[in-house]
>>> print(open('query.txt').read())   # compact mmCIF, C-alpha atoms
# COMPACT_ATOMS: atom_id res chain seq x y z
CA MET A 1 15.40 -40.71 -33.44
CA VAL A 2 15.63 -41.64 -29.77
CA THR A 3 16.33 -38.98 -27.15
CA ILE A 4 17.80 -39.98 -23.80
CA THR A 5 17.95 -37.92 -20.66
CA ASN A 6 20.25 -39.62 -18.18
CA GLU A 7 22.49 -37.76 -15.77
CA HIS A 8 25.05 -40.58 -16.00
CA PHE A 9 25.47 -40.74 -19.78
CA SER A 10 28.05 -38.65 -21.65
CA LEU A 11 29.23 -39.51 -25.15
CA SER A 12 32.19 -37.16 -24.86
CA GLN A 13 33.43 -38.83 -21.70
CA ILE A 14 32.90 -42.36 -23.03
CA CYS A 15 34.65 -41.42 -26.27
CA GLN A 16 37.73 -40.28 -24.35
CA SER A 17 37.71 -43.03 -21.72
CA GLY A 18 39.96 -45.46 -23.62
CA GLN A 19 37.45 -48.31 -23.75
CA CYS A 20 36.41 -48.01 -27.41
CA PHE A 21 38.16 -46.83 -30.56
CA ARG A 22 35.43 -46.51 -33.20
CA MET A 23 33.48 -43.73 -31.55
CA ASN A 24 34.57 -40.42 -33.05
CA GLN A 25 33.56 -36.83 -32.48
CA THR A 26 32.96 -35.41 -35.95
CA GLU A 27 32.19 -31.85 -34.94
CA HIS A 28 31.00 -30.03 -31.87
CA LYS A 29 28.67 -32.38 -29.94
CA ASN A 30 28.20 -34.75 -32.91
CA TYR A 31 29.45 -38.34 -32.95
CA LYS A 32 29.77 -41.30 -35.31
CA ILE A 33 29.81 -44.70 -33.64
CA ILE A 34 30.64 -48.00 -35.34
CA ALA A 35 30.20 -51.23 -33.40
CA GLY A 36 30.83 -54.44 -35.28
CA GLN A 37 28.61 -54.00 -38.35
CA ARG A 38 26.42 -51.31 -36.79
CA TYR A 39 26.59 -47.58 -37.48
CA LEU A 40 25.09 -44.77 -35.42
CA GLU A 41 25.15 -41.00 -35.50
CA ALA A 42 24.42 -39.13 -32.29
CA CYS A 43 24.25 -35.60 -30.93
CA GLU A 44 24.96 -34.57 -27.37
CA GLU A 45 23.19 -31.51 -26.02
CA GLU A 46 22.97 -30.09 -22.53
CA GLY A 47 20.98 -32.64 -20.54
CA SER A 48 20.15 -35.02 -23.39
CA ILE A 49 21.58 -37.25 -26.09
CA SER A 50 19.88 -37.88 -29.42
CA LEU A 51 20.56 -41.19 -31.17
CA PHE A 52 19.63 -41.15 -34.85
CA CYS A 53 18.18 -44.63 -35.14
CA SER A 54 14.74 -46.18 -34.98
CA LYS A 55 13.21 -47.15 -31.65
CA GLU A 56 13.35 -50.77 -32.81
CA GLU A 57 17.11 -50.62 -33.46
CA PHE A 58 17.65 -48.79 -30.18
CA HIS A 59 15.93 -51.51 -28.15
CA GLU A 60 17.45 -54.27 -30.27
CA PHE A 61 21.07 -53.13 -29.95
CA TRP A 62 22.07 -49.66 -28.74
CA GLU A 63 20.23 -49.71 -25.42
CA ASP A 64 22.26 -52.72 -24.37
CA TYR A 65 25.46 -51.45 -26.01
CA PHE A 66 25.40 -48.31 -23.86
CA ASP A 67 24.36 -50.35 -20.78
CA LEU A 68 21.38 -48.06 -20.30
CA LYS A 69 19.43 -50.49 -18.13
CA ARG A 70 22.03 -50.25 -15.35
CA ASP A 71 21.63 -47.59 -12.65
CA TYR A 72 25.06 -45.94 -12.43
CA GLN A 73 23.88 -43.63 -9.69
CA GLN A 74 24.19 -46.60 -7.34
CA ASN A 75 27.92 -46.76 -8.04
CA HIS A 76 28.29 -43.21 -6.75
CA LEU A 77 26.12 -43.77 -3.71
CA GLN A 78 28.19 -46.77 -2.60
CA ILE A 79 31.54 -44.97 -2.59
CA ASN A 80 33.09 -44.57 0.85
CA PRO A 81 32.14 -41.02 1.93
CA ASN A 82 35.61 -40.66 3.48
CA ASP A 83 37.38 -41.45 0.18
CA SER A 84 37.69 -37.93 -1.19
CA TYR A 85 39.87 -39.03 -4.14
CA LEU A 86 37.39 -41.62 -5.43
CA LEU A 87 34.47 -39.28 -4.87
CA SER A 88 36.26 -36.64 -6.95
CA ALA A 89 37.06 -39.15 -9.70
CA ALA A 90 33.46 -40.41 -9.86
CA SER A 91 32.11 -36.87 -9.91
CA PHE A 92 34.51 -35.89 -12.70
CA GLY A 93 33.66 -38.96 -14.83
CA TRP A 94 29.94 -38.83 -14.05
CA GLY A 95 28.87 -39.76 -17.61
CA ILE A 96 31.06 -42.80 -18.21
CA ARG A 97 29.29 -46.11 -18.77
CA ILE A 98 30.87 -49.49 -19.53
CA LEU A 99 29.95 -50.32 -23.11
CA LYS A 100 28.91 -53.85 -24.06
CA GLN A 101 31.20 -54.32 -27.03
CA ASP A 102 31.69 -57.21 -29.42
CA LEU A 103 34.09 -59.72 -27.88
CA TRP A 104 36.25 -60.36 -30.96
CA GLU A 105 36.53 -56.65 -31.73
CA THR A 106 37.56 -55.98 -28.14
CA ILE A 107 40.25 -58.66 -28.17
CA VAL A 108 41.81 -57.27 -31.34
CA SER A 109 41.49 -53.65 -30.18
CA PHE A 110 43.34 -54.26 -26.94
CA LEU A 111 45.99 -56.42 -28.57
CA ILE A 112 46.65 -53.37 -30.74
CA SER A 113 46.52 -51.02 -27.73
CA GLN A 114 49.71 -52.36 -26.16
CA GLN A 115 52.48 -49.75 -25.88
CA ASN A 116 50.31 -47.48 -28.02
CA ASN A 117 48.37 -44.24 -27.65
CA ILE A 118 44.70 -43.66 -28.27
CA VAL A 119 45.15 -41.60 -31.45
CA ARG A 120 47.35 -44.24 -33.07
CA ILE A 121 45.09 -47.08 -31.92
CA ARG A 122 42.15 -45.42 -33.66
CA ARG A 123 44.15 -45.04 -36.87
CA CYS A 124 45.36 -48.65 -36.80
CA ILE A 125 41.84 -49.98 -36.31
CA GLU A 126 40.40 -47.69 -38.98
CA GLN A 127 42.97 -48.95 -41.47
CA LEU A 128 42.45 -52.57 -40.44
CA CYS A 129 38.69 -52.24 -41.02
CA LYS A 130 39.15 -50.45 -44.33
CA VAL A 131 41.42 -53.18 -45.71
CA TYR A 132 39.88 -56.33 -44.20
CA GLY A 133 36.38 -55.30 -43.15
CA LYS A 134 33.27 -55.22 -45.29
CA GLU A 135 32.21 -51.94 -46.90
CA MET A 136 28.79 -50.96 -45.59
CA VAL A 137 26.35 -48.11 -46.20
CA SER A 138 24.23 -46.59 -43.45
CA VAL A 139 20.55 -45.73 -43.87
CA ASN A 140 21.51 -42.14 -44.62
CA GLY A 141 24.04 -43.14 -47.29
CA GLU A 142 27.18 -42.86 -45.15
CA ALA A 143 29.90 -45.37 -46.13
CA TYR A 144 31.74 -47.20 -43.37
CA TYR A 145 33.54 -50.51 -42.77
CA SER A 146 32.58 -53.37 -40.50
CA PHE A 147 35.13 -54.86 -38.14
CA PRO A 148 37.00 -57.73 -39.84
CA THR A 149 36.00 -61.23 -38.81
CA PRO A 150 38.49 -63.82 -37.54
CA GLU A 151 38.06 -65.60 -40.88
CA ALA A 152 39.13 -62.48 -42.77
CA LEU A 153 42.40 -62.33 -40.82
CA SER A 154 43.25 -65.98 -40.18
CA GLY A 155 44.78 -66.62 -43.61
CA LEU A 156 47.28 -63.78 -43.38
CA GLU A 157 51.01 -64.01 -42.80
CA GLU A 158 51.97 -62.97 -39.28
CA ASN A 159 53.64 -59.75 -40.42
CA GLN A 160 51.00 -58.82 -43.00
CA LEU A 161 49.15 -56.39 -40.72
CA MET A 162 52.26 -54.27 -40.40
CA ALA A 163 50.88 -52.59 -43.51
CA CYS A 164 48.05 -51.35 -41.25
CA ASN A 165 50.68 -49.89 -38.89
CA LEU A 166 50.22 -52.61 -36.26
CA GLY A 167 53.97 -53.23 -36.00
CA TYR A 168 54.91 -56.21 -33.81
CA ARG A 169 51.24 -56.49 -32.77
CA SER A 170 50.47 -57.88 -36.24
CA LYS A 171 51.47 -61.39 -35.16
CA TYR A 172 49.30 -61.12 -32.03
CA VAL A 173 46.19 -60.36 -34.06
CA VAL A 174 46.84 -62.92 -36.80
CA ARG A 175 47.58 -65.69 -34.29
CA ALA A 176 44.43 -64.83 -32.33
CA ALA A 177 42.38 -65.06 -35.54
CA LYS A 178 43.92 -68.43 -36.40
CA SER A 179 43.16 -69.72 -32.89
CA VAL A 180 39.50 -68.68 -33.15
CA VAL A 181 39.00 -70.10 -36.65
CA SER A 182 40.73 -73.40 -35.80
CA GLY A 183 38.57 -73.80 -32.70
CA ASP A 184 41.52 -73.77 -30.32
CA PHE A 185 40.03 -70.64 -28.75
CA ASP A 186 36.25 -70.68 -28.35
CA LEU A 187 34.63 -67.25 -28.09
CA ASN A 188 31.23 -68.69 -27.18
CA GLN A 189 32.69 -70.74 -24.37
CA LEU A 190 34.59 -67.68 -23.11
CA ARG A 191 31.32 -65.75 -22.86
CA SER A 192 29.94 -68.39 -20.49
CA LEU A 193 32.86 -68.29 -18.04
CA PRO A 194 33.01 -66.29 -14.79
CA TYR A 195 35.50 -63.45 -14.59
CA LYS A 196 38.57 -65.21 -13.18
CA GLN A 197 38.28 -68.20 -15.50
CA ALA A 198 37.69 -65.96 -18.51
CA LYS A 199 40.80 -63.96 -17.64
CA GLU A 200 42.87 -67.16 -17.40
CA GLU A 201 41.61 -68.33 -20.79
CA LEU A 202 42.35 -65.00 -22.44
CA MET A 203 45.92 -65.08 -21.17
CA LYS A 204 46.45 -68.28 -23.16
CA LEU A 205 46.27 -66.20 -26.34
CA PHE A 206 49.64 -65.17 -27.71
CA GLY A 207 50.33 -61.56 -26.76
CA VAL A 208 47.66 -61.28 -24.06
CA GLY A 209 48.98 -60.31 -20.65
CA GLU A 210 47.12 -59.52 -17.46
CA LYS A 211 46.18 -55.94 -18.34
CA VAL A 212 44.88 -56.77 -21.82
CA ALA A 213 42.95 -59.74 -20.40
CA ASP A 214 41.32 -57.49 -17.81
CA CYS A 215 40.44 -54.92 -20.49
CA VAL A 216 38.75 -57.61 -22.58
CA CYS A 217 36.92 -58.96 -19.52
CA LEU A 218 35.65 -55.50 -18.65
CA PHE A 219 34.87 -54.06 -22.08
CA GLY A 220 34.12 -57.22 -24.10
CA LEU A 221 32.58 -59.55 -21.52
CA HIS A 222 31.14 -56.93 -19.17
CA HIS A 223 32.71 -58.46 -16.09
CA LEU A 224 32.47 -55.40 -13.88
CA ASP A 225 34.86 -56.88 -11.32
CA ALA A 226 37.72 -56.65 -13.82
CA PHE A 227 40.12 -53.87 -12.84
CA PRO A 228 42.75 -53.23 -15.56
CA VAL A 229 45.93 -51.67 -14.19
CA ASP A 230 48.04 -49.54 -16.53
CA THR A 231 50.56 -46.83 -15.63
CA HIS A 232 47.85 -44.27 -14.86
CA ILE A 233 45.91 -46.60 -12.58
CA ASN A 234 49.12 -47.81 -10.94
CA GLN A 235 50.13 -44.23 -10.16
CA ALA A 236 46.74 -43.57 -8.60
CA LEU A 237 46.94 -46.75 -6.51
CA GLN A 238 50.40 -45.87 -5.24
CA ALA A 239 49.34 -42.34 -4.36
CA HIS A 240 45.94 -43.06 -2.79
CA TYR A 241 45.71 -46.76 -1.95
CA LYS A 242 49.07 -47.82 -0.57
CA ARG A 243 47.44 -50.80 1.15
CA GLY A 244 45.65 -51.76 -2.03
CA PHE A 245 42.34 -50.85 -3.59
CA PRO A 246 39.35 -51.82 -1.38
CA ASN A 247 38.20 -54.63 -3.68
CA LYS A 248 35.76 -56.26 -1.28
CA ARG A 249 33.87 -53.04 -0.64
CA TYR A 250 33.32 -52.48 -4.35
CA GLN A 251 32.74 -56.04 -5.46
CA GLY A 252 30.52 -56.16 -8.52
CA PHE A 253 31.40 -52.73 -9.92
CA LYS A 254 35.15 -52.23 -9.49
CA GLY A 255 35.54 -51.88 -13.24
CA VAL A 256 33.24 -48.87 -13.30
CA LEU A 257 35.35 -47.20 -10.61
CA GLN A 258 38.49 -48.06 -12.57
CA GLN A 259 37.14 -46.06 -15.49
CA TYR A 260 36.38 -43.09 -13.27
CA ILE A 261 39.96 -43.20 -11.92
CA PHE A 262 41.50 -43.64 -15.37
CA TYR A 263 39.53 -40.74 -16.84
CA TYR A 264 40.27 -38.54 -13.81
CA GLU A 265 44.00 -39.23 -14.01
CA LEU A 266 44.10 -38.32 -17.69
CA TYR A 267 41.86 -35.27 -17.78
CA GLY A 268 41.21 -34.15 -14.24
CA ARG A 269 44.71 -34.24 -12.78
CA GLN A 270 47.07 -34.10 -15.74
CA ASN A 271 47.49 -31.65 -18.58
CA VAL A 272 48.70 -33.86 -21.41
CA SER A 273 48.29 -33.44 -25.15
CA GLU A 274 48.29 -37.12 -26.09
CA ASN A 275 46.85 -39.69 -23.75
CA LYS A 276 48.24 -43.18 -23.39
CA ARG A 277 47.04 -46.49 -22.04
CA ILE A 278 50.35 -48.28 -21.63
>>> encode(input="query.txt", output="structure tokens")
Amino acid sequence: MVTITNEHFSLSQICQSGQCFRMNQTEHKNYKIIAGQRYLEACEEEGSISLFCSKEEFHEFWEDYFDLKRDYQQNHLQINPNDSYLLSAASFGWGIRILKQDLWETIVSFLISQQNNIVRIRRCIEQLCKVYGKEMVSVNGEAYYSFPTPEALSGLEENQLMACNLGYRSKYVVRAAKSVVSGDFDLNQLRSLPYKQAKEELMKLFGVGEKVADCVCLFGLHHLDAFPVDTHINQALQAHYKRGFPNKRYQGFKGVLQQYIFYYELYGRQNVSENKRI
């Protein structure tokens, strides 16, 4: 077990932040996290988080996954002291970190996320993994499913994933898998590109628009200058940044601030029962 005390690390906030869909709260303060082929159980207590893995596995994978080497306090300190809205958003989402997720999993997840809500996205991905992923068993005997590889999906008919409740998004995912397997879309090359070029390449995939491309850049490539704009972010920009968000001031960590704003709009300023990332 590894115990972490970090004032800018909250599993509950990350779980609800709309950036990942295989982190689930199982009961009060307990979480199950699946990332690619990895499985982790964790417990969040006041002032600390316990990760039930070996120190070797923590340093090998989870430390980087949770971006624990980055000092998020610096993000807060650099916010314009006269920007009361952004200060409030950052304070409210104090524990959000940008996860370093698997690129292929992120592409598929955000293709599925279009015109969808978080609860349904989770269900779609869970079903997709159950049908096309590999059955795995954790060290404590817990069964789970890995995320399906491009090869596992590339041979499907375009409408075949409708059985996993993907609807019209089925063809997006299948075509993306075919592009990766054929070599028309190179994931390794994408990882080497700077933010703007990576975004342009992603938008060549069928079904990927500007918002999805920015989500993949932020959550799958860790380009912290990516700033996905959905309806919630757009509403915040119109209300508080009529002249545009101060991109130059926050160069290098705009994506972190985007998450604070997104989380604040959903949970700090709105009382909604089902949260959407449209």
>>> closest_atom_pairs(input="query.txt", of="region 208-233 of chain A", to="region 55-79 of chain A", cutoff="12 Å", atoms="all atoms listed in the file", output="JSON lines")
{"residue": "A:Phe219", "atom": "CA", "partner": "A:Tyr65", "partner_atom": "CA", "distance": 10.5}
{"residue": "A:Gly220", "atom": "CA", "partner": "A:Tyr65", "partner_atom": "CA", "distance": 10.6}
{"residue": "A:Leu221", "atom": "CA", "partner": "A:Tyr65", "partner_atom": "CA", "distance": 11.7}
{"residue": "A:His222", "atom": "CA", "partner": "A:Asp67", "partner_atom": "CA", "distance": 9.6}
{"residue": "A:Leu224", "atom": "CA", "partner": "A:Asn75", "partner_atom": "CA", "distance": 11.4}
>>> closest_residue(input="query.txt", among="A:Leu266, A:Val180, A:Ile261, A:Leu187", to="Ser91 (chain A)", atoms="all atoms listed in the file")
A:Ile261
>>> closest_residue(input="query.txt", among="A:Gln13, A:Ala177, A:Val208, A:Glu158", to="Ala90 (chain A)", atoms="all atoms listed in the file")
A:Gln13
>>> atom_distance(input="query.txt", atom1="CA of Arg243 (chain A)", atom2="CA of Trp94 (chain A)")
26.1 Å
>>> atom_distance(input="query.txt", atom1="CA of Leu11 (chain A)", atom2="CA of Ala42 (chain A)")
8.6 Å
>>> residues_around(input="query.txt", residues="Leu161 (chain A)", least_positions_apart="3", cutoff="6 Å", atoms="only C-alpha atoms", output="list of chain:residue names")
A:Cys164, A:Leu166, A:Ser170
>>> closest_residue(input="query.txt", among="A:Val212, A:Ala236, A:Val108, A:His223", to="Arg175 (chain A)", atoms="all atoms listed in the file")
A:Val108
>>> atom_distance(input="query.txt", atom1="CA of Val137 (chain A)", atom2="CA of Val181 (chain A)")
27.1 Å
>>> closest_residue(input="query.txt", among="A:Glu46, A:Glu157, A:Glu142, A:Glu105", to="Arg22 (chain A)", atoms="only C-alpha atoms")
A:Glu105
>>> residues_around(input="query.txt", residues="Lys130 (chain A)", least_positions_apart="6", cutoff="12 Å", atoms="all atoms listed in the file", output="compact mmCIF listing (two decimals) with C-alpha atoms, keeping the file's coordinate frame")
# COMPACT_ATOMS: atom_id res chain seq x y z
CA ARG A 123 44.15 -45.04 -36.87
CA CYS A 124 45.36 -48.65 -36.80
CA MET A 136 28.79 -50.96 -45.59
CA ALA A 143 29.90 -45.37 -46.13
CA TYR A 144 31.74 -47.20 -43.37
CA TYR A 145 33.54 -50.51 -42.77
CA SER A 146 32.58 -53.37 -40.50
CA PHE A 147 35.13 -54.86 -38.14
CA PRO A 148 37.00 -57.73 -39.84
CA ALA A 163 50.88 -52.59 -43.51
CA CYS A 164 48.05 -51.35 -41.25
>>> closest_residue(input="query.txt", among="A:Arg169, A:Arg122, A:Arg191, A:Arg38", to="Glu135 (chain A)", atoms="all atoms listed in the file")
A:Arg38
>>> closest_residue(input="query.txt", among="A:Ser154, A:Asp184, A:Val229, A:Gly18", to="Asn117 (chain A)", atoms="all atoms listed in the file")
A:Gly18
>>> residues_around(input="query.txt", residues="Tyr85 (chain A)", least_positions_apart="2", cutoff="12 Å", atoms="only C-alpha atoms", output="list in words")
Ile79, Asn80, Pro81, Asn82, Asp83, Leu87, Ser88, Ala89, Ala90, Ser91, Phe92, Ala236, Leu237, Ala239, His240, Tyr241, Leu257, Tyr260, Ile261, Tyr264, Glu265, Gly268 and Arg269 of chain A
>>> residues_around(input="query.txt", residues="Gln115 (chain A)", least_positions_apart="2", cutoff="12 Å", atoms="only C-alpha atoms", output="list in words")
Phe110, Leu111, Ile112, Ser113, Asn117, Ile118, Arg120, Ile121, Leu166, Gly167, Tyr168, Arg169, Lys211, Val212, Asp230, Thr231, Asn275, Lys276, Arg277 and Ile278 of chain A
